[in-house]
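Chemist: For reference, the structure I am asking about is given below.
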Protein chains: 6
Amino acid sequence: MTEPGAEVMARFVGPENVDRGREYLESLDPEFHRYIMDFVYGEIYAGDVLDAKTRALCTVAMLAALDQQLQLGVYVRAARRQGAGEEEIREVLRQVAVYAGFPSAWNALATMKRALEGLADDDAQGGSGT
Amino acid sequence: MTEPGAEVMARFVGPENVDRGREYLESLDPEFHRYIMDFVYGEIYAGDVLDAKTRALCTVAMLAALDQQLQLGVYVRAARRQGAGEEEIREVLRQVAVYAGFPSAWNALATMKRALEGLADDDAQGGSGT
Amino acid sequence: MTEPGAEVMARFVGPENVDRGREYLESLDPEFHRYIMDFVYGEIYAGDVLDAKTRALCTVAMLAALDQQLQLGVYVRAARRQGAGEEEIREVLRQVAVYAGFPSAWNALATMKRALEGLADDDAQGGSGT
Amino acid sequence: MTEPGAEVMARFVGPENVDRGREYLESLDPEFHRYIMDFVYGEIYAGDVLDAKTRALCTVAMLAALDQQLQLGVYVRAARRQGAGEEEIREVLRQVAVYAGFPSAWNALATMKRALEGLADDDAQGGSGT
Amino acid sequence: MTEPGAEVMARFVGPENVDRGREYLESLDPEFHRYIMDFVYGEIYAGDVLDAKTRALCTVAMLAALDQQLQLGVYVRAARRQGAGEEEIREVLRQVAVYAGFPSAWNALATMKRALEGLADDDAQGGSGT
Amino acid sequence: MTEPGAEVMARFVGPENVDRGREYLESLDPEFHRYIMDFVYGEIYAGDVLDAKTRALCTVAMLAALDQQLQLGVYVRAARRQGAGEEEIREVLRQVAVYAGFPSAWNALATMKRALEGLADDDAQGGSGT
């Protein structure tokens, strides 16, 4: 049976995060989980108008501008997975200073640092992921 | 004499907007004008790590997420000028619904419509621009 | 043919606004229109866990707290349509001052005044509506 | 001697939280403490136009939309205390996704989970409360 | 009979704005009007810990950072009335670019321009005011 | 060799924080570090139109209104260093309740308490600082 939202989500955040996310989101709220799979990934992210790297960078830009650090960490890794270089992500976050102010840009750069260090740790442990 | 910020700004918003902007910004505040030319365009936008189209789409994403309609109109046109298709910009704005909510996405799509209609009018009048 | 989102939307904002909204949203973006009908009204608003009046007042509270005046005007009328008294809506907006500050509460009360005056005008003209 | 704000506050957040809050708020700022008792609870929450359950759900809606997790935890419990079912609160938080975006709704559902688990723990310990 | 909030308000926004404001706020909501007179001006602004000029400049800073243009216009004039020079207000608004981003600073400088031009017009007409 | 931004920064946040900040900001992003030294401190904070105490209090007002707790802690200390009394800073934060709501004011007062306790600890240890 196909579950198109889950496949799209896996392309962006990695299959291991779909699995972890599934359990966690079910414990939070199964309806909300369904909205994320059907609407966010099944509709919005499923479109092919934007290439995946540009899409992930736009998500990084929005999450940083809105100061949403938890999700930003996930999407910094998603952007890397889609082929964005570390320096490209960093450049998006510098631009956040212009539109949302220096504190949001600073917070975002700190989140990026932690997210990529975590990624490096995962890789060093032969971790799941890309 | 070179004025690097102004050249970068012209690449994004069009030379005609640099001229109009110059007069207006001088009347608002010459110091603030200088910061835009030297810091925003002379530093942030002058970098070549991101291609200009991706950069403009990230700006569109942030301005829409922050509900800044005046500047969003300018950057919808800037994204078109950098080669982003109308449907690509629209896709970024749909994604705004996920991160900043439907009202901000709705406002942004209305701004986009007005901005591109204005662009069409300018072109019909043999207007300036790219 | 059933179109469940449209029926739910009509219950909240009035059938006349579904029709007007349909044309306008199609001109903005047909995909976005579909998300509103399928996700916002077809899923979120279609639930029967909350009674319609409480749901509409929570929407009023959120839109006012987020300073989204355009949609707030629509939902002040929707709350009236669901049986909320004018004084109940006003009480929600006073509470906005505590959580989002006095300027947002002030803006919301001004929007409410205009929305209800418009409703009175519509009624005087034998207008559509409830 | 009557202290009307304190009584109203106790009805919403529980008498045990008024006591804990008193000490903490005095240590933060006695003037601010007085504003909360006299204005927030003595005026805004003291009104009887809205029933207490609707009022608490509107507070939950606003705090979630504004991403204020600390106070949201307190008001999720307050809404339960006023008779709102767990599923009703959850439905309000799902609606937050529409107006303030999915990250704010996600954060709010996580806060709700922690707040209600804490409530269950308190009850298991024969704790204070309603 | 004394009405201390009204006197404090008059010191900041000018007696003519108290009168205009009274009628307008009564038409919006008499309870909200009372909160502004008793809490905002009768308590917060009535304190003498901060000198009036510093207090007005902090209000300008907050309103600009929160993008509340209507009230910002009033408080730009209030800051002038309390002895803040035009250049001092401008400097606060430049600083807004650092903390809330360039679009908010730009909007605020445009509001300031209009507010001070309006003030100049009022003075030219022998208008009320300081 | 002169480094004007660093000198201005030291005046506000203390020389010991410039040193700690330098290392940390270099590890986050050297470009972003340069923007803070050259633009934020080298331009905005370097101006002498506003006295340093008023400037620091306006920063406190903005950071509290925008709910940026990390930077607020630094600027509460900076305001003390520029001669603002504890009660003056507190008064600015009470005013935040009016413009950005009680939750942001509450968060800010809690940050202030921690920041000044930390300052007291530093002093007790013969710490660096002013």
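Ligands are numbered from 1 in the order shown, chains are lettered A, B, ... in the order of the structure tokens, and residues start at 1 in each chain.
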Residues of chain D that have any atom at most 10 Å from an atom of chain A: could you tabulate them with the shortest-distance atom pair and the distance in Å to one decimal, using only C-alpha atoms, ordered by chain and increasing number, as JSON lines?
Modeler:
```
{"residue": "D:Asp67", "atom": "CA", "partner": "A:Gln68", "partner_atom": "CA", "distance": 9.4}
{"residue": "D:Glu87", "atom": "CA", "partner": "A:Asp29", "partner_atom": "CA", "distance": 9.6}
{"residue": "D:Arg90", "atom": "CA", "partner": "A:Asp29", "partner_atom": "CA", "distance": 7.7}
{"residue": "D:Glu91", "atom": "CA", "partner": "A:Glu31", "partner_atom": "CA", "distance": 9.2}
{"residue": "D:Leu93", "atom": "CA", "partner": "A:Phe32", "partner_atom": "CA", "distance": 9.2}
{"residue": "D:Arg94", "atom": "CA", "partner": "A:Phe32", "partner_atom": "CA", "distance": 6.4}
{"residue": "D:Gln95", "atom": "CA", "partner": "A:Phe32", "partner_atom": "CA", "distance": 9.8}
{"residue": "D:Ala97", "atom": "CA", "partner": "A:Phe32", "partner_atom": "CA", "distance": 9.0}
{"residue": "D:Phe102", "atom": "CA", "partner": "A:Ile36", "partner_atom": "CA", "distance": 8.3}
{"residue": "D:Pro103", "atom": "CA", "partner": "A:Gln71", "partner_atom": "CA", "distance": 7.0}
{"residue": "D:Ser104", "atom": "CA", "partner": "A:Gln68", "partner_atom": "CA", "distance": 8.2}
{"residue": "D:Ala105", "atom": "CA", "partner": "A:Phe32", "partner_atom": "CA", "distance": 8.8}
{"residue": "D:Trp106", "atom": "CA", "partner": "A:Phe32", "partner_atom": "CA", "distance": 8.2}
{"residue": "D:Asn107", "atom": "CA", "partner": "A:Leu70", "partner_atom": "CA", "distance": 8.8}
{"residue": "D:Ala108", "atom": "CA", "partner": "A:Leu28", "partner_atom": "CA", "distance": 9.8}
{"residue": "D:Leu109", "atom": "CA", "partner": "A:Leu28", "partner_atom": "CA", "distance": 6.1}
{"residue": "D:Ala110", "atom": "CA", "partner": "A:Leu28", "partner_atom": "CA", "distance": 6.4}
{"residue": "D:Thr111", "atom": "CA", "partner": "A:Leu28", "partner_atom": "CA", "distance": 9.6}
{"residue": "D:Met112", "atom": "CA", "partner": "A:Leu28", "partner_atom": "CA", "distance": 8.6}
{"residue": "D:Lys113", "atom": "CA", "partner": "A:Leu28", "partner_atom": "CA", "distance": 6.7}
{"residue": "D:Arg114", "atom": "CA", "partner": "A:Leu28", "partner_atom": "CA", "distance": 9.9}
```
Chemist: When DSSP works through the backbone of this structure, what residues of chain E end up as helix (DSSP H, G or I), shown as a ChimeraX atom specification?
Modeler: /E:4-13,15-28,30-44,52-65,69-81,86-100,102-124
Chemist: So that I can check the surroundings of Val74 of chain E, please list as a list of chain:residue names every protein, DNA and RNA residue that reaches within 10 Å of it, counting only C-alpha atoms and ignoring chain neighbours fewer than 6 positions away.
Modeler: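 Returned residues: E:Phe12, E:Val13, E:Gly14, E:Asn17, E:Val60, E:Thr111, E:Met112, E:Ala115, E:Leu116.
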Chemist: How many Å lie between atom CA of Gly73 of chain C and atom CA of Tyr41 of chain D, rounded to one decimal?
Modeler: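 Pair atom CA of Gly73 of chain C / atom CA of Tyr41 of chain D returns 27.8 Å.
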Chemist: What is the distance, in Å and to one decimal place, between atom CA of Arg22 of chain D and atom CA of Gly101 of chain F?
Modeler: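 If I compute the distance from atom CA of Arg22 of chain D to atom CA of Gly101 of chain F, I get 19.5 Å.
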Chemist: Could you give me, as a PyMOL selection string, the residues within 7 Å of Ala61 of chain D, counting only C-alpha atoms and dropping anything in the same chain fewer than 3 positions from it?
Modeler: (chain C and resi 58+61-62) or (chain D and resi 57-58+64-65+92-93+96)
Chemist: Find the residues near Ala10 of chain B: any atom within 10 Å, counting only C-alpha atoms, skip ones fewer than 4 places away on the same chain, and give them as an mmCIF file with N, CA, C and O atoms, in the first residue's frame.
Modeler:
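Output file result.cif is given in full below:
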```
data_model
loop_
_atom_site.group_PDB
_atom_site.id
_atom_site.type_symbol
_atom_site.label_atom_id
_atom_site.label_comp_id
_atom_site.auth_asym_id
_atom_site.auth_seq_id
_atom_site.Cartn_x
_atom_site.Cartn_y
_atom_site.Cartn_z
ATOM 1 N N PRO B 4 29.314 49.801 -5.097
ATOM 2 C CA PRO B 4 28.987 48.388 -5.288
ATOM 3 C C PRO B 4 27.591 48.008 -4.802
ATOM 4 O O PRO B 4 26.900 47.240 -5.454
ATOM 5 N N GLY B 5 27.140 48.568 -3.655
ATOM 6 C CA GLY B 5 25.815 48.217 -3.164
ATOM 7 C C GLY B 5 24.739 48.549 -4.181
ATOM 8 O O GLY B 5 23.811 47.760 -4.410
ATOM 9 N N ALA B 6 24.848 49.719 -4.806
ATOM 10 C CA ALA B 6 23.839 50.144 -5.778
ATOM 11 C C ALA B 6 23.782 49.201 -6.973
ATOM 12 O O ALA B 6 22.706 48.914 -7.506
ATOM 13 N N GLY B 14 16.055 46.036 -10.001
ATOM 14 C CA GLY B 14 15.972 46.819 -11.222
ATOM 15 C C GLY B 14 16.543 48.208 -11.026
ATOM 16 O O GLY B 14 16.308 48.824 -9.989
ATOM 17 N N PRO B 15 17.295 48.694 -12.028
ATOM 18 C CA PRO B 15 17.938 50.015 -11.884
ATOM 19 C C PRO B 15 16.921 51.126 -11.629
ATOM 20 O O PRO B 15 17.199 52.071 -10.902
ATOM 21 N N GLU B 16 15.726 51.012 -12.212
ATOM 22 C CA GLU B 16 14.743 52.083 -12.033
ATOM 23 C C GLU B 16 14.303 52.182 -10.577
ATOM 24 O O GLU B 16 13.970 53.258 -10.085
ATOM 25 N N ASN B 17 14.304 51.053 -9.855
ATOM 26 C CA ASN B 17 13.919 51.101 -8.445
ATOM 27 C C ASN B 17 15.035 51.615 -7.555
ATOM 28 O O ASN B 17 14.784 52.134 -6.468
ATOM 29 N N VAL B 18 16.287 51.442 -8.002
ATOM 30 C CA VAL B 18 17.392 52.036 -7.247
ATOM 31 C C VAL B 18 17.246 53.549 -7.283
ATOM 32 O O VAL B 18 17.397 54.236 -6.263
ATOM 33 N N ASP B 19 16.911 54.086 -8.456
ATOM 34 C CA ASP B 19 16.790 55.540 -8.580
ATOM 35 C C ASP B 19 15.625 56.072 -7.757
ATOM 36 O O ASP B 19 15.780 56.989 -6.965
ATOM 37 N N TYR B 41 22.868 45.556 0.673
ATOM 38 C CA TYR B 41 23.281 45.180 -0.687
ATOM 39 C C TYR B 41 24.791 45.052 -0.827
ATOM 40 O O TYR B 41 25.280 44.169 -1.521
ATOM 41 N N ALA B 78 11.459 41.033 -8.016
ATOM 42 C CA ALA B 78 12.896 40.728 -8.068
ATOM 43 C C ALA B 78 13.114 39.248 -8.384
ATOM 44 O O ALA B 78 14.021 38.896 -9.151
ATOM 45 N N GLY B 129 12.896 48.668 -16.503
ATOM 46 C CA GLY B 129 12.970 47.299 -15.958
ATOM 47 C C GLY B 129 13.975 46.482 -16.719
ATOM 48 O O GLY B 129 14.673 46.954 -17.607
ATOM 49 N N THR B 130 14.061 45.283 -16.327
ATOM 50 C CA THR B 130 15.073 44.393 -16.890
ATOM 51 C C THR B 130 14.902 44.260 -18.382
ATOM 52 O O THR B 130 14.120 43.482 -18.869
#
```
Chemist: Find the distance between atom CA of Arg77 of chain F and atom CA of Gly21 of chain F and write it in Å to one decimal.
Modeler: 15.0 Å
Chemist: Write out as a compact mmCIF listing (two decimals) with C-alpha atoms, in the first residue's frame which residues come within 9 Å of Ala56 of chain F when counting only C-alpha atoms, dropping same-chain ones fewer than 5 positions away.
Modeler:
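Result file selection-v6.txt:
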```
# COMPACT_ATOMS: atom_id res chain seq x y z
CA PHE F 12 28.01 48.27 26.21
CA ASP F 51 23.11 58.76 25.25
CA ALA F 61 12.47 47.30 25.47
CA TYR F 75 21.38 43.86 27.58
CA VAL F 76 19.88 44.01 31.05
CA ALA F 78 24.52 46.41 29.60
CA ALA F 79 21.84 48.82 30.79
CA ARG F 80 23.10 48.51 34.40
CA GLN F 82 25.42 52.36 31.46
CA ALA F 84 20.34 52.48 34.49
```
